[in-house]
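Worksheet: the structure to be examined is printed underneath.
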Amino acid sequence: MTFTRWLRRLAPLMVCLVLLVTACSSAPSKYDQVQKDTTGFGSPAAVDKKAEKGGTFNAFFPGDQGGYKVIPYQEKKGFAEYKLEQDGKALAMLTISDTTSIPASAAKYSTATETVSGFPTVDQGTTATGVLVNDRYQVKVLSRDPSFTKADRVAWLQKFDLQGLAQLKGAINPVITPTVALPESPTTATPAAPARPKDGFKLPRVQLPRPSPSLQPAS
């Protein structure tokens with residue numbers, strides 16, 4: 001009887017213990033969550049083999065100017081990202097990506113009604129503005145501070161070397177700079193001067209036959 005009474009008292013405790021152990025074993029650790037959050041950040045799950053190397057894009061980012069610093073942040077195949085800071089404060093992120101791996105990113109520019117430096121531009125939400133260079137390379141500026149407005153994003157898009165990026169080998173529609181031939185000024189034809197003999201050249205002497213003497217009758 002006493003043993004049965006102890007079992008009744010321990011039963012609730014055993015149930016609670018089992019539930020606690022089960023919950024702890026199934027709950028993801030903080031490291032699992034960090035890995036989940038960072039895996040594939042800023043890039044598609046699969047990268048096309050034809051995608052440009054991320055390091056190739058470095059030459060087309062703007063450099064430090066005024067009180068702004070452009071700091072390398074992330075680089076991988078088909079993608080490069082820089083951080084824009086002022087007085088140690090992050091204002092925006094600058095990116096260049098190869099849309100070969102993500103065609104949908106290029107498709108949204110087909111209905112663009114505005115351009116930046118001659119390339120179609122669209123807003124992506126309220127904090128990002130991008131341009132598409134030669135139907136392949138997407139250049140974006142993403143605000144990271146409320147003070148960094150769309151006008152600021154457009155201004156920094158113009159600081160990229162977009163024309164240089166357009167010349168990058170592998171562009172779907174590379175920009176070819178036309179060569180303009182200047183019109184030739186009209187000239188009046190000048191008659192050719194008669195050829196002059198070279199100095200020291202002598203014409204051959206021709207020996208003419210001497211006339212035969214004839215006798216004339218005296219008057």
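Every chain in the structure tokens has a letter given in the order shown (A, B, ...), and although residue numbers restart at 1 in each chain, ligands are simply numbered from 1 in the order shown.
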
- What residues in stretch 44-106 of chain A get the DSSP label strand (DSSP E or B)? Please answer as a PyMOL selection string. chain A and resi 65+68-76+79-86+89-98

- Can you list, as a ChimeraX atom specification, every protein, DNA or RNA residue that comes within 6 Å of A:Gly130 when you count only C-alpha atoms, leaving out same-chain residues fewer than 6 positions away? /A:121-122,139-140

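Picture a line from atom CA of A:Asp48 to atom CA of A:Ser105; it runs 14.0 Å.
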
- Task: Check stretch 45-170 of chain A with DSSP on the backbone and list each residue it calls helix (DSSP H, G or I), as a ChimeraX atom specification.
- Result: /A:54-60,103-111,150-157,162-166

Writer output for current selection, N, CA and C atoms, as a PDB file, in the first residue's frame:
```pdb
ATOM      1  N   GLY A  54      33.527  36.588 -58.567  1.00  0.00           N
ATOM      2  CA  GLY A  54      33.217  37.778 -57.773  1.00  0.00           C
ATOM      3  C   GLY A  54      34.352  38.779 -57.773  1.00  0.00           C
ATOM      4  N   GLY A  55      35.596  38.302 -57.796  1.00  0.00           N
ATOM      5  CA  GLY A  55      36.739  39.203 -57.779  1.00  0.00           C
ATOM      6  C   GLY A  55      36.836  40.074 -59.008  1.00  0.00           C
ATOM      7  N   THR A  56      36.222  39.645 -60.105  1.00  0.00           N
ATOM      8  CA  THR A  56      36.248  40.437 -61.336  1.00  0.00           C
ATOM      9  C   THR A  56      35.508  41.750 -61.159  1.00  0.00           C
ATOM     10  N   PHE A  57      34.505  41.767 -60.276  1.00  0.00           N
ATOM     11  CA  PHE A  57      33.670  42.961 -60.109  1.00  0.00           C
ATOM     12  C   PHE A  57      34.338  44.051 -59.281  1.00  0.00           C
ATOM     13  N   ASN A  58      35.404  43.725 -58.572  1.00  0.00           N
ATOM     14  CA  ASN A  58      36.016  44.699 -57.665  1.00  0.00           C
ATOM     15  C   ASN A  58      36.452  45.968 -58.377  1.00  0.00           C
ATOM     16  N   ALA A  59      36.894  45.842 -59.621  1.00  0.00           N
ATOM     17  CA  ALA A  59      37.411  46.999 -60.356  1.00  0.00           C
ATOM     18  C   ALA A  59      36.326  48.016 -60.696  1.00  0.00           C
ATOM     19  N   PHE A  60      35.054  47.640 -60.589  1.00  0.00           N
ATOM     20  CA  PHE A  60      33.971  48.523 -61.021  1.00  0.00           C
ATOM     21  C   PHE A  60      33.260  49.226 -59.863  1.00  0.00           C
ATOM     22  N   PRO A 103      17.922  34.255 -63.254  1.00  0.00           N
ATOM     23  CA  PRO A 103      17.311  34.997 -64.372  1.00  0.00           C
ATOM     24  C   PRO A 103      16.154  35.888 -63.950  1.00  0.00           C
ATOM     25  N   ALA A 104      15.451  35.508 -62.877  1.00  0.00           N
ATOM     26  CA  ALA A 104      14.312  36.314 -62.433  1.00  0.00           C
ATOM     27  C   ALA A 104      14.745  37.709 -62.016  1.00  0.00           C
ATOM     28  N   SER A 105      15.982  37.847 -61.550  1.00  0.00           N
ATOM     29  CA  SER A 105      16.475  39.162 -61.140  1.00  0.00           C
ATOM     30  C   SER A 105      16.608  40.093 -62.336  1.00  0.00           C
ATOM     31  N   ALA A 106      16.935  39.535 -63.487  1.00  0.00           N
ATOM     32  CA  ALA A 106      17.068  40.353 -64.698  1.00  0.00           C
ATOM     33  C   ALA A 106      15.715  40.614 -65.339  1.00  0.00           C
ATOM     34  N   ALA A 107      14.773  39.682 -65.170  1.00  0.00           N
ATOM     35  CA  ALA A 107      13.465  39.804 -65.821  1.00  0.00           C
ATOM     36  C   ALA A 107      12.693  41.029 -65.349  1.00  0.00           C
ATOM     37  N   LYS A 108      12.876  41.415 -64.085  1.00  0.00           N
ATOM     38  CA  LYS A 108      12.078  42.529 -63.556  1.00  0.00           C
ATOM     39  C   LYS A 108      12.456  43.876 -64.179  1.00  0.00           C
ATOM     40  N   TYR A 109      13.600  43.919 -64.863  1.00  0.00           N
ATOM     41  CA  TYR A 109      14.007  45.169 -65.506  1.00  0.00           C
ATOM     42  C   TYR A 109      13.365  45.361 -66.879  1.00  0.00           C
ATOM     43  N   SER A 110      12.662  44.345 -67.367  1.00  0.00           N
ATOM     44  CA  SER A 110      12.057  44.438 -68.699  1.00  0.00           C
ATOM     45  C   SER A 110      10.959  45.490 -68.756  1.00  0.00           C
ATOM     46  N   THR A 111      10.391  45.844 -67.618  1.00  0.00           N
ATOM     47  CA  THR A 111       9.320  46.846 -67.582  1.00  0.00           C
ATOM     48  C   THR A 111       9.796  48.165 -66.981  1.00  0.00           C
ATOM     49  N   LYS A 150      16.495  57.442 -51.587  1.00  0.00           N
ATOM     50  CA  LYS A 150      16.592  56.964 -52.968  1.00  0.00           C
ATOM     51  C   LYS A 150      17.525  57.854 -53.781  1.00  0.00           C
ATOM     52  N   ALA A 151      17.462  59.155 -53.560  1.00  0.00           N
ATOM     53  CA  ALA A 151      18.347  60.064 -54.290  1.00  0.00           C
ATOM     54  C   ALA A 151      19.817  59.725 -54.012  1.00  0.00           C
ATOM     55  N   ASP A 152      20.104  59.346 -52.774  1.00  0.00           N
ATOM     56  CA  ASP A 152      21.466  58.932 -52.424  1.00  0.00           C
ATOM     57  C   ASP A 152      21.836  57.638 -53.141  1.00  0.00           C
ATOM     58  N   ARG A 153      20.874  56.708 -53.215  1.00  0.00           N
ATOM     59  CA  ARG A 153      21.146  55.431 -53.884  1.00  0.00           C
ATOM     60  C   ARG A 153      21.444  55.650 -55.362  1.00  0.00           C
ATOM     61  N   VAL A 154      20.655  56.497 -56.006  1.00  0.00           N
ATOM     62  CA  VAL A 154      20.876  56.775 -57.421  1.00  0.00           C
ATOM     63  C   VAL A 154      22.226  57.460 -57.627  1.00  0.00           C
ATOM     64  N   ALA A 155      22.571  58.378 -56.732  1.00  0.00           N
ATOM     65  CA  ALA A 155      23.853  59.081 -56.847  1.00  0.00           C
ATOM     66  C   ALA A 155      25.020  58.107 -56.753  1.00  0.00           C
ATOM     67  N   TRP A 156      24.906  57.111 -55.886  1.00  0.00           N
ATOM     68  CA  TRP A 156      26.004  56.149 -55.741  1.00  0.00           C
ATOM     69  C   TRP A 156      26.003  55.113 -56.859  1.00  0.00           C
ATOM     70  N   LEU A 157      24.855  54.834 -57.429  1.00  0.00           N
ATOM     71  CA  LEU A 157      24.838  53.967 -58.615  1.00  0.00           C
ATOM     72  C   LEU A 157      25.634  54.612 -59.748  1.00  0.00           C
ATOM     73  N   LEU A 162      29.907  51.857 -64.602  1.00  0.00           N
ATOM     74  CA  LEU A 162      28.928  51.063 -65.334  1.00  0.00           C
ATOM     75  C   LEU A 162      29.356  50.832 -66.780  1.00  0.00           C
ATOM     76  N   GLN A 163      29.971  51.837 -67.389  1.00  0.00           N
ATOM     77  CA  GLN A 163      30.427  51.667 -68.773  1.00  0.00           C
ATOM     78  C   GLN A 163      31.549  50.638 -68.854  1.00  0.00           C
ATOM     79  N   GLY A 164      32.423  50.629 -67.864  1.00  0.00           N
ATOM     80  CA  GLY A 164      33.470  49.613 -67.838  1.00  0.00           C
ATOM     81  C   GLY A 164      32.885  48.224 -67.644  1.00  0.00           C
ATOM     82  N   LEU A 165      31.877  48.108 -66.782  1.00  0.00           N
ATOM     83  CA  LEU A 165      31.211  46.831 -66.563  1.00  0.00           C
ATOM     84  C   LEU A 165      30.532  46.352 -67.839  1.00  0.00           C
ATOM     85  N   ALA A 166      30.026  47.302 -68.618  1.00  0.00           N
ATOM     86  CA  ALA A 166      29.367  46.951 -69.880  1.00  0.00           C
ATOM     87  C   ALA A 166      30.336  46.343 -70.878  1.00  0.00           C
TER      88      ALA A 166
END
```

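Proximity to A:Lys69 was assessed for A:Glu81, A:Glu52, A:Asp145, A:Asp87 counting only C-alpha atoms; the smallest distance is recorded for A:Asp87.
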
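With only C-alpha atoms as the atoms that count, the minimum distance from A:Val70 to the choices A:Ala90, A:Leu142, A:Ala51, A:Leu168 is reached by A:Ala90.
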
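Distances to A:Ser97 were evaluated for A:Ile71, A:Val116, A:Ala128, A:Val47 using only C-alpha atoms, and the minimum falls at A:Val47.
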